Amino acid sequence: MNRRDFLKGATSLSVGASVLPLFKILPASAASQETAVVVIGGTINSLDIHRSGTNRSSYQVAINCYDRLVSFGTKQMPDGSLSYDYDNVQPELAESWEISDDGTVMTFRIHEDATFWDGKPVTAHDVKWSLDRAVSLGGFPTVQMKAGRLSSPEQFEVVDDRTFRITLPFPSKLALPDLATPIPIIINSEVAKANATDDDPWATEYLHRNPAGSGAYKVARWDAGQQLVYERNDKWVGGEIPGYQRVIVREVPAQSTRRALIERGSVSASHNIPNKDAKELASKPGVKVVSTPIENCIYSLCTNLDFEPFKDKRVRQAVAWSIPYQKIFEQAAYEQGMPMWGGTDTVDKINWPQKSPYDLNIEKAKALMAEAGYENGFDVPLSFNLSHADWAEPAALLIQQGLADIGIRATIEKIPGANWRTVALVDKKLPLHLENFGGWLNTPDYYFYWAYIKGNLFNSYNYDNPEMARLVDDTLDMAMDHPDYAPNVKRMIELAFEDIPRIPLWQPTLNVAFIESVEGYEYWFHRQMDIRALEPA
């Protein structure tokens with residue numbers, strides 16, 4: 001289907017003086033037929049998704065500037081908006097592919113007209129160098145590749161200039177979809193090698209500031225901490241030529257300013273707006289708000305098992321029974337999203353996410369605290385990412401009150417967004433913290449792989465259960481119609497709720513606001529703006 005298929009409106013409101021300095025640096029054509037301006041609240045800290053420390057806001061460069069072998073198709077949501085379609089893998093750089101009967105060999109034919117921005121043809125040699133890089137540099141990109149059983153350069157073979165082969169150790173349902181995530185980008189290996197050094201053989205310093213891709217957009221300018229300017233690549237063969245010649249992504253930390261800009265019609269889109277604004281803007285004439293449930297994602301309270309009291313699962317369960325879930329959903333989520341509490345005591349389905357059996361029950365929580373020997377409570381810092389303050393701060397205050405009712409004295413700690421990933425996800429040293437994680441590949445076992453296996457990035461609470469590890473390992477590559485799949489997933493969910501290191505609060509939505517002159521927005525699992533589909537009305 002055409003992915004540029006939904007309606008918008010227009011509005012014009014006055015804007016406060018605090019916004020005026022920003023107008024001076026926006027082009028007069030901000031909402032023209034040639035140029036779109038998108039405002040974001042985050043900061044782009046690198047143009048290389050493989051580089052250590054590259055943050056989530058930076059992933060958009062990999063999406064818009066680089067090709068992958070394959071991508072996902074498009075589907076229409078119940079509200080008429082558009083979303084990627086996980087069940088529909090489509091060509092991007094590869095014009096076709098074949099999978100062997102035993103599911104272990106994937107052979108890709110590269111589009112004969114595909115060229116990098118400098119005019120060099122894209123070859124299988126570039127594909128191999130790029131995937132070798134992804135599995136070799138370490139960190140998050142390498143772990144993501146491993147999820148699809150892509151872990152060694154020896155698996156990647158150049159058959160000829162236009163034919164590339166991947167050999168898997170065994171069949172995996174995640175292998176092909178994993179190639180459609182933002183990680184396995186195809187880089188101009190000649191440019192990269194020319195800028196590599198003995199100390200930096202993968203050219204991470206050069207590619208940090210200088211993309212070398214074949215994608216729909218080039219980076220015309222990057223002013224770190226301010227803006228990124230994209231210019232269209234009219235020779236792109238990976239999909240439909242984008243509708244905008246130029247897209248300017250402006251970093252505007254103050255949400256009040258971003259809201260004023262979209263209400264006035266001074267920018268084309270405001271990405272990832274808070275739930276409060278989404279709820280209010282949706283009723284305003286002239287503003288289109290698209291709110292899409294984030295698949296495989298839950299906002300959660302995490303209890304770190306390296307913190308002595310939380311080693312006892314009765315204490316973790318007590319915390320889960322002390323949370324005022326409904327108040328949090330009303331005051332932090334503005335009732336946007338899906339509640340993830342108050343479910344049944346038994347797990348009889350495998351869809352994920354699903355409601356936990358916990359609800360507010362202070363008496364049950366107190367009994368568990370006494371049983372665990374903590375009837376007098378304890379002190380603990382409760383941390384959240386300052387970049388997520390719109391939902392995390394009100395949630396933290398309400399959680400703090402609930403914990404006080406069972407004797408746990410929580411001190412709220414606000415951590416700058418620039419430091420969060422290192423402190424929470426890499427060092428994993430926050431005793432009690434609010435976190436959100438959404439799996440890129442939409443299966444329950446993939447979520448549990450990332451969030452419940454010791455050492456993996458989003459297991460920020462050091463949970464380690466051998467039974468869970470075995471179940472995930474047995475199930476990750478298993479076909480979803482295998483007779484063991486559903487029982488294994490149900491047991492994973494039972495363990496997650498029984499051990500409760502990660503306490504589900506709600507499934508969030510991704511909210512994006514547009515003016516009437518912009519069409520084509522499509523939700524993606526990576527939660528970044530895919531500007532390739534945008535076009536003027």
# chains A, B, ... in the order shown; residues from 1 in each chain; ligands from 1

$ residues_around --residues "Asn361 (chain A)" --least-positions-apart "4" --cutoff "8 Å" --atoms "only C-alpha atoms" --output "list in words"
Trp321, Ser322 and Ala365 of chain A

$ closest_atom_pairs --of "region 84-149 of chain A" --to "region 154-177 of chain A" --cutoff "8 Å" --atoms "only C-alpha atoms" --output "JSON lines"
{"residue": "A:Tyr86", "atom": "CA", "partner": "A:Pro177", "partner_atom": "CA", "distance": 7.7}
{"residue": "A:Val89", "atom": "CA", "partner": "A:Pro177", "partner_atom": "CA", "distance": 7.0}
{"residue": "A:Asp102", "atom": "CA", "partner": "A:Pro171", "partner_atom": "CA", "distance": 7.1}
{"residue": "A:Gly103", "atom": "CA", "partner": "A:Pro171", "partner_atom": "CA", "distance": 4.9}
{"residue": "A:Thr104", "atom": "CA", "partner": "A:Leu168", "partner_atom": "CA", "distance": 4.8}
{"residue": "A:Val105", "atom": "CA", "partner": "A:Thr167", "partner_atom": "CA", "distance": 4.6}
{"residue": "A:Met106", "atom": "CA", "partner": "A:Ile166", "partner_atom": "CA", "distance": 5.2}
{"residue": "A:Thr107", "atom": "CA", "partner": "A:Arg165", "partner_atom": "CA", "distance": 4.4}
{"residue": "A:Phe108", "atom": "CA", "partner": "A:Phe164", "partner_atom": "CA", "distance": 5.2}
{"residue": "A:Arg109", "atom": "CA", "partner": "A:Thr163", "partner_atom": "CA", "distance": 4.8}
{"residue": "A:Ile110", "atom": "CA", "partner": "A:Arg162", "partner_atom": "CA", "distance": 5.0}
{"residue": "A:His111", "atom": "CA", "partner": "A:Arg162", "partner_atom": "CA", "distance": 7.5}
{"residue": "A:Glu112", "atom": "CA", "partner": "A:Arg162", "partner_atom": "CA", "distance": 7.2}
{"residue": "A:Thr123", "atom": "CA", "partner": "A:Asp161", "partner_atom": "CA", "distance": 5.1}
{"residue": "A:Ala124", "atom": "CA", "partner": "A:Asp161", "partner_atom": "CA", "distance": 5.1}
{"residue": "A:His125", "atom": "CA", "partner": "A:Val158", "partner_atom": "CA", "distance": 6.2}
{"residue": "A:Val127", "atom": "CA", "partner": "A:Phe164", "partner_atom": "CA", "distance": 7.5}
{"residue": "A:Lys128", "atom": "CA", "partner": "A:Phe156", "partner_atom": "CA", "distance": 6.0}
{"residue": "A:Leu131", "atom": "CA", "partner": "A:Phe156", "partner_atom": "CA", "distance": 7.7}
{"residue": "A:Asp132", "atom": "CA", "partner": "A:Phe156", "partner_atom": "CA", "distance": 7.6}
{"residue": "A:Ala147", "atom": "CA", "partner": "A:Leu174", "partner_atom": "CA", "distance": 7.0}
{"residue": "A:Gly148", "atom": "CA", "partner": "A:Ala175", "partner_atom": "CA", "distance": 4.0}
{"residue": "A:Arg149", "atom": "CA", "partner": "A:Ala175", "partner_atom": "CA", "distance": 6.4}

$ write_last_selection --atoms "N, CA and C atoms" --output "mmCIF file, in the first residue's frame"
data_model
loop_
_atom_site.group_PDB
_atom_site.id
_atom_site.type_symbol
_atom_site.label_atom_id
_atom_site.label_comp_id
_atom_site.auth_asym_id
_atom_site.auth_seq_id
_atom_site.Cartn_x
_atom_site.Cartn_y
_atom_site.Cartn_z
ATOM 1 N N TYR A 86 6.107 -5.963 10.488
ATOM 2 C CA TYR A 86 7.141 -6.928 10.852
ATOM 3 C C TYR A 86 7.033 -8.224 10.050
ATOM 4 N N VAL A 89 8.860 -8.704 5.037
ATOM 5 C CA VAL A 89 10.225 -8.287 4.716
ATOM 6 C C VAL A 89 10.286 -7.940 3.229
ATOM 7 N N ASP A 102 17.110 -25.912 4.234
ATOM 8 C CA ASP A 102 17.325 -26.151 5.670
ATOM 9 C C ASP A 102 17.368 -24.861 6.479
ATOM 10 N N GLY A 103 17.208 -23.700 5.826
ATOM 11 C CA GLY A 103 17.127 -22.423 6.523
ATOM 12 C C GLY A 103 18.442 -21.855 7.004
ATOM 13 N N THR A 104 19.568 -22.409 6.585
ATOM 14 C CA THR A 104 20.859 -21.960 7.120
ATOM 15 C C THR A 104 21.675 -21.104 6.156
ATOM 16 N N VAL A 105 21.267 -21.025 4.898
ATOM 17 C CA VAL A 105 22.032 -20.244 3.917
ATOM 18 C C VAL A 105 21.103 -19.226 3.252
ATOM 19 N N MET A 106 21.483 -17.943 3.352
ATOM 20 C CA MET A 106 20.726 -16.863 2.712
ATOM 21 C C MET A 106 21.621 -16.227 1.653
ATOM 22 N N THR A 107 21.140 -16.174 0.424
ATOM 23 C CA THR A 107 21.919 -15.623 -0.681
ATOM 24 C C THR A 107 21.182 -14.403 -1.242
ATOM 25 N N PHE A 108 21.878 -13.263 -1.288
ATOM 26 C CA PHE A 108 21.274 -11.994 -1.679
ATOM 27 C C PHE A 108 21.854 -11.509 -3.007
ATOM 28 N N ARG A 109 20.978 -10.993 -3.856
ATOM 29 C CA ARG A 109 21.392 -10.390 -5.120
ATOM 30 C C ARG A 109 21.272 -8.882 -4.982
ATOM 31 N N ILE A 110 22.392 -8.174 -5.117
ATOM 32 C CA ILE A 110 22.422 -6.729 -4.894
ATOM 33 C C ILE A 110 21.903 -5.993 -6.124
ATOM 34 N N HIS A 111 21.116 -4.962 -5.885
ATOM 35 C CA HIS A 111 20.521 -4.174 -6.962
ATOM 36 C C HIS A 111 21.611 -3.676 -7.902
ATOM 37 N N GLU A 112 21.442 -3.925 -9.203
ATOM 38 C CA GLU A 112 22.511 -3.620 -10.153
ATOM 39 C C GLU A 112 22.737 -2.119 -10.325
ATOM 40 N N THR A 123 28.829 -3.033 -3.926
ATOM 41 C CA THR A 123 29.167 -4.420 -4.244
ATOM 42 C C THR A 123 29.057 -5.303 -3.011
ATOM 43 N N ALA A 124 29.140 -6.598 -3.256
ATOM 44 C CA ALA A 124 29.125 -7.555 -2.156
ATOM 45 C C ALA A 124 30.324 -7.374 -1.243
ATOM 46 N N HIS A 125 31.424 -6.811 -1.767
ATOM 47 C CA HIS A 125 32.601 -6.544 -0.936
ATOM 48 C C HIS A 125 32.275 -5.485 0.118
ATOM 49 N N VAL A 127 29.257 -4.965 1.332
ATOM 50 C CA VAL A 127 28.337 -5.614 2.271
ATOM 51 C C VAL A 127 29.125 -6.438 3.286
ATOM 52 N N LYS A 128 30.089 -7.201 2.812
ATOM 53 C CA LYS A 128 30.869 -8.021 3.736
ATOM 54 C C LYS A 128 31.645 -7.155 4.719
ATOM 55 N N LEU A 131 29.185 -5.742 7.354
ATOM 56 C CA LEU A 131 28.681 -6.690 8.342
ATOM 57 C C LEU A 131 29.814 -7.237 9.208
ATOM 58 N N ASP A 132 31.000 -7.383 8.625
ATOM 59 C CA ASP A 132 32.171 -7.733 9.446
ATOM 60 C C ASP A 132 32.353 -6.708 10.555
ATOM 61 N N ALA A 147 21.648 -11.584 17.992
ATOM 62 C CA ALA A 147 20.262 -12.006 18.182
ATOM 63 C C ALA A 147 19.744 -12.751 16.958
ATOM 64 N N GLY A 148 20.257 -12.404 15.779
ATOM 65 C CA GLY A 148 19.892 -13.105 14.557
ATOM 66 C C GLY A 148 20.894 -14.172 14.161
ATOM 67 N N ARG A 149 21.752 -14.548 15.117
ATOM 68 C CA ARG A 149 22.807 -15.560 14.919
ATOM 69 C C ARG A 149 23.817 -15.118 13.860
#

$ closest_residue --among "A:Ile99, A:Met340, A:Ile40, A:Val518" --to "Leu505 (chain A)" --atoms "only C-alpha atoms"
A:Met340

$ residues_around --residues "Ser46 (chain A)" --least-positions-apart "4" --cutoff "9 Å" --atoms "only C-alpha atoms" --output "JSON list (two decimals) with N, CA, C and O atoms, in the first residue's frame"
[["chain", "number", "residue", "atom", "x", "y", "z"],
["A", 51, "ARG", "N", 29.40, 3.03, 16.52],
["A", 51, "ARG", "CA", 30.39, 3.62, 17.42],
["A", 51, "ARG", "C", 29.96, 3.47, 18.88],
["A", 51, "ARG", "O", 28.79, 3.62, 19.21],
["A", 53, "GLY", "N", 28.93, 4.32, 22.40],
["A", 53, "GLY", "CA", 28.37, 5.52, 23.00],
["A", 53, "GLY", "C", 27.36, 6.25, 22.13],
["A", 53, "GLY", "O", 26.77, 7.23, 22.58],
["A", 54, "THR", "N", 27.14, 5.78, 20.91],
["A", 54, "THR", "CA", 26.13, 6.42, 20.06],
["A", 54, "THR", "C", 24.76, 6.27, 20.70],
["A", 54, "THR", "O", 24.36, 5.17, 21.07],
["A", 55, "ASN", "N", 24.03, 7.37, 20.84],
["A", 55, "ASN", "CA", 22.76, 7.33, 21.56],
["A", 55, "ASN", "C", 21.57, 7.10, 20.62],
["A", 55, "ASN", "O", 21.70, 7.09, 19.39],
["A", 58, "SER", "N", 20.60, 9.32, 17.67],
["A", 58, "SER", "CA", 21.51, 9.26, 16.52],
["A", 58, "SER", "C", 21.16, 8.13, 15.56],
["A", 58, "SER", "O", 21.67, 8.11, 14.43],
["A", 59, "TYR", "N", 20.32, 7.20, 16.00],
["A", 59, "TYR", "CA", 19.99, 6.07, 15.13],
["A", 59, "TYR", "C", 19.35, 6.51, 13.82],
["A", 59, "TYR", "O", 19.41, 5.81, 12.81],
["A", 61, "VAL", "N", 20.23, 8.57, 11.72],
["A", 61, "VAL", "CA", 21.19, 8.73, 10.62],
["A", 61, "VAL", "C", 21.36, 7.41, 9.88],
["A", 61, "VAL", "O", 21.40, 7.36, 8.65],
["A", 207, "LEU", "N", 33.92, 7.96, 10.39],
["A", 207, "LEU", "CA", 32.49, 7.76, 10.17],
["A", 207, "LEU", "C", 31.64, 8.37, 11.26],
["A", 207, "LEU", "O", 30.43, 8.59, 11.07],
["A", 208, "HIS", "N", 32.25, 8.68, 12.38],
["A", 208, "HIS", "CA", 31.55, 9.40, 13.45],
["A", 208, "HIS", "C", 31.02, 10.74, 12.93],
["A", 208, "HIS", "O", 29.92, 11.17, 13.30],
["A", 209, "ARG", "N", 31.74, 11.38, 12.04],
["A", 209, "ARG", "CA", 31.34, 12.69, 11.54],
["A", 209, "ARG", "C", 31.07, 12.71, 10.03],
["A", 209, "ARG", "O", 30.61, 13.74, 9.52],
["A", 224, "ALA", "N", 26.70, 19.86, 15.94],
["A", 224, "ALA", "CA", 26.43, 19.04, 17.12],
["A", 224, "ALA", "C", 25.72, 19.86, 18.19],
["A", 224, "ALA", "O", 26.15, 20.97, 18.53]]

$ closest_residue --among "A:Tyr449, A:Tyr230, A:Tyr485, A:Trp236" --to "Ala216 (chain A)" --atoms "only C-alpha atoms"
A:Trp236

$ select_by_dssp --residues "region 149-191 of chain A" --states "strand (DSSP E)" --output "PyMOL selection string"
chain A and resi 156-160+163-167

$ residues_around --residues "Glu308 (chain A)" --least-positions-apart "2" --cutoff "12 Å" --atoms "only C-alpha atoms" --output "PyMOL selection string"
chain A and resi 303-306+310-313+315-316+372+374+378-380+431-432

$ write_last_selection --atoms "N, CA and C atoms" --output "PDB file, in the first residue's frame"
ATOM      1  N   THR A 303      14.252  -3.219  39.890  1.00  0.00           N
ATOM      2  CA  THR A 303      14.875  -3.440  41.195  1.00  0.00           C
ATOM      3  C   THR A 303      16.183  -4.206  40.986  1.00  0.00           C
ATOM      4  N   ASN A 304      17.282  -3.579  41.332  1.00  0.00           N
ATOM      5  CA  ASN A 304      18.607  -4.148  41.040  1.00  0.00           C
ATOM      6  C   ASN A 304      18.975  -5.229  42.054  1.00  0.00           C
ATOM      7  N   LEU A 305      19.229  -6.430  41.564  1.00  0.00           N
ATOM      8  CA  LEU A 305      19.525  -7.560  42.451  1.00  0.00           C
ATOM      9  C   LEU A 305      20.906  -7.486  43.074  1.00  0.00           C
ATOM     10  N   ASP A 306      21.727  -6.516  42.677  1.00  0.00           N
ATOM     11  CA  ASP A 306      23.002  -6.282  43.363  1.00  0.00           C
ATOM     12  C   ASP A 306      22.807  -5.479  44.651  1.00  0.00           C
ATOM     13  N   PHE A 310      16.990  -6.257  47.593  1.00  0.00           N
ATOM     14  CA  PHE A 310      16.308  -6.750  46.399  1.00  0.00           C
ATOM     15  C   PHE A 310      16.802  -8.117  45.958  1.00  0.00           C
ATOM     16  N   LYS A 311      17.753  -8.684  46.654  1.00  0.00           N
ATOM     17  CA  LYS A 311      18.150 -10.066  46.382  1.00  0.00           C
ATOM     18  C   LYS A 311      17.014 -11.030  46.746  1.00  0.00           C
ATOM     19  N   ASP A 312      16.176 -10.612  47.680  1.00  0.00           N
ATOM     20  CA  ASP A 312      15.040 -11.412  48.128  1.00  0.00           C
ATOM     21  C   ASP A 312      13.824 -11.073  47.263  1.00  0.00           C
ATOM     22  N   LYS A 313      13.307 -12.066  46.566  1.00  0.00           N
ATOM     23  CA  LYS A 313      12.204 -11.763  45.653  1.00  0.00           C
ATOM     24  C   LYS A 313      10.934 -11.350  46.390  1.00  0.00           C
ATOM     25  N   VAL A 315      10.862  -9.125  48.687  1.00  0.00           N
ATOM     26  CA  VAL A 315      10.954  -7.663  48.751  1.00  0.00           C
ATOM     27  C   VAL A 315      10.569  -7.059  47.395  1.00  0.00           C
ATOM     28  N   ARG A 316      11.026  -7.691  46.327  1.00  0.00           N
ATOM     29  CA  ARG A 316      10.665  -7.192  44.995  1.00  0.00           C
ATOM     30  C   ARG A 316       9.152  -7.296  44.783  1.00  0.00           C
ATOM     31  N   ALA A 372      10.178 -11.152  54.858  1.00  0.00           N
ATOM     32  CA  ALA A 372      11.561 -11.106  54.378  1.00  0.00           C
ATOM     33  C   ALA A 372      12.511 -10.488  55.406  1.00  0.00           C
ATOM     34  N   TYR A 374      12.245  -7.298  56.658  1.00  0.00           N
ATOM     35  CA  TYR A 374      12.431  -5.859  56.436  1.00  0.00           C
ATOM     36  C   TYR A 374      11.200  -5.087  56.895  1.00  0.00           C
ATOM     37  N   PHE A 378      13.892   0.172  54.588  1.00  0.00           N
ATOM     38  CA  PHE A 378      15.295   0.502  54.301  1.00  0.00           C
ATOM     39  C   PHE A 378      15.325   1.754  53.425  1.00  0.00           C
ATOM     40  N   ASP A 379      16.509   2.288  53.222  1.00  0.00           N
ATOM     41  CA  ASP A 379      16.701   3.473  52.377  1.00  0.00           C
ATOM     42  C   ASP A 379      17.210   3.046  51.002  1.00  0.00           C
ATOM     43  N   VAL A 380      16.735   3.730  49.970  1.00  0.00           N
ATOM     44  CA  VAL A 380      17.169   3.403  48.617  1.00  0.00           C
ATOM     45  C   VAL A 380      16.997   4.627  47.714  1.00  0.00           C
ATOM     46  N   PRO A 431      20.275   1.114  42.108  1.00  0.00           N
ATOM     47  CA  PRO A 431      19.495   0.156  42.907  1.00  0.00           C
ATOM     48  C   PRO A 431      18.017   0.068  42.524  1.00  0.00           C
ATOM     49  N   LEU A 432      17.408   1.220  42.244  1.00  0.00           N
ATOM     50  CA  LEU A 432      15.987   1.264  41.907  1.00  0.00           C
ATOM     51  C   LEU A 432      15.804   2.361  40.871  1.00  0.00           C
TER      52      LEU A 432
END

$ closest_residue --among "A:Ala36, A:Asp473, A:Asn45, A:Ala196" --to "Trp222 (chain A)" --atoms "only C-alpha atoms"
A:Asn45

$ select_by_dssp --residues "region 284-381 of chain A" --states "alpha helix (DSSP H)" --output "PyMOL selection string"
chain A and resi 313-321+325-331+362-371

$ write_last_selection --atoms "C-alpha atoms" --output "PDB file, in the first residue's frame"
ATOM      1  CA  LYS A 313      12.204 -11.763  45.653  1.00  0.00           C
ATOM      2  CA  ARG A 314       9.669 -11.234  48.445  1.00  0.00           C
ATOM      3  CA  VAL A 315      10.954  -7.663  48.751  1.00  0.00           C
ATOM      4  CA  ARG A 316      10.665  -7.192  44.995  1.00  0.00           C
ATOM      5  CA  GLN A 317       7.131  -8.539  45.126  1.00  0.00           C
ATOM      6  CA  ALA A 318       6.347  -6.181  48.020  1.00  0.00           C
ATOM      7  CA  VAL A 319       7.482  -3.250  45.900  1.00  0.00           C
ATOM      8  CA  ALA A 320       5.228  -4.467  43.080  1.00  0.00           C
ATOM      9  CA  TRP A 321       2.230  -4.559  45.452  1.00  0.00           C
ATOM     10  CA  TYR A 325      -0.608   2.052  39.251  1.00  0.00           C
ATOM     11  CA  GLN A 326      -3.841   3.823  38.350  1.00  0.00           C
ATOM     12  CA  LYS A 327      -2.672   7.184  39.679  1.00  0.00           C
ATOM     13  CA  ILE A 328       0.585   6.825  37.756  1.00  0.00           C
ATOM     14  CA  PHE A 329      -1.304   6.007  34.566  1.00  0.00           C
ATOM     15  CA  GLU A 330      -3.502   9.066  35.004  1.00  0.00           C
ATOM     16  CA  GLN A 331      -0.862  11.570  36.133  1.00  0.00           C
ATOM     17  CA  ILE A 362      -0.419  -2.279  50.802  1.00  0.00           C
ATOM     18  CA  GLU A 363      -1.376  -4.987  53.299  1.00  0.00           C
ATOM     19  CA  LYS A 364      -0.011  -7.747  51.097  1.00  0.00           C
ATOM     20  CA  ALA A 365       3.138  -5.683  50.516  1.00  0.00           C
ATOM     21  CA  LYS A 366       3.682  -5.137  54.256  1.00  0.00           C
ATOM     22  CA  ALA A 367       3.241  -8.845  54.953  1.00  0.00           C
ATOM     23  CA  LEU A 368       5.917  -9.721  52.394  1.00  0.00           C
ATOM     24  CA  MET A 369       8.292  -7.106  53.835  1.00  0.00           C
ATOM     25  CA  ALA A 370       7.867  -8.579  57.328  1.00  0.00           C
ATOM     26  CA  GLU A 371       8.297 -12.118  56.031  1.00  0.00           C
TER      27      GLU A 371
END

$ closest_residue --among "A:Asp198, A:Trp352, A:Ala134, A:Leu403" --to "Lys146 (chain A)" --atoms "only C-alpha atoms"
A:Ala134

$ residues_around --residues "Gly439 (chain A)" --least-positions-apart "5" --cutoff "7 Å" --atoms "only C-alpha atoms" --output "PyMOL selection string"
chain A and resi 296-297+446-447

$ write_last_selection --atoms "all heavy atoms" --output "short mmCIF file (atom, residue, chain, number, x, y, z; two decimals), in the first residue's frame"
data_model
loop_
_atom_site.label_atom_id
_atom_site.label_comp_id
_atom_site.auth_asym_id
_atom_site.auth_seq_id
_atom_site.Cartn_x
_atom_site.Cartn_y
_atom_site.Cartn_z
N ASN A 296 6.19 -4.34 21.90
CA ASN A 296 7.25 -4.98 22.68
C ASN A 296 7.89 -4.02 23.67
O ASN A 296 9.07 -4.16 24.00
CB ASN A 296 8.31 -5.54 21.74
CG ASN A 296 8.71 -6.95 22.08
OD1 ASN A 296 9.00 -7.27 23.22
ND2 ASN A 296 8.73 -7.81 21.08
N CYS A 297 7.15 -3.02 24.13
CA CYS A 297 7.74 -2.00 25.02
C CYS A 297 6.89 -1.83 26.28
O CYS A 297 5.66 -1.85 26.22
CB CYS A 297 7.85 -0.66 24.31
SG CYS A 297 8.67 0.63 25.27
N TYR A 446 12.48 -12.52 22.01
CA TYR A 446 13.48 -11.49 21.73
C TYR A 446 13.53 -10.47 22.87
O TYR A 446 14.60 -10.04 23.29
CB TYR A 446 13.16 -10.81 20.41
CG TYR A 446 14.09 -9.68 20.05
CD1 TYR A 446 15.32 -9.95 19.46
CD2 TYR A 446 13.75 -8.36 20.30
CE1 TYR A 446 16.18 -8.91 19.13
CE2 TYR A 446 14.60 -7.33 19.97
CZ TYR A 446 15.82 -7.61 19.38
OH TYR A 446 16.67 -6.57 19.06
N TYR A 447 12.35 -10.08 23.37
CA TYR A 447 12.30 -9.15 24.51
C TYR A 447 13.02 -9.76 25.71
O TYR A 447 13.83 -9.10 26.37
CB TYR A 447 10.84 -8.84 24.87
CG TYR A 447 10.69 -7.80 25.96
CD1 TYR A 447 10.44 -6.48 25.64
CD2 TYR A 447 10.79 -8.14 27.31
CE1 TYR A 447 10.30 -5.51 26.62
CE2 TYR A 447 10.65 -7.19 28.30
CZ TYR A 447 10.41 -5.88 27.95
OH TYR A 447 10.29 -4.93 28.94
#

$ closest_residue --among "A:Val229, A:Val143, A:Ala479, A:Val135" --to "Tyr217 (chain A)" --atoms "only C-alpha atoms"
A:Val229
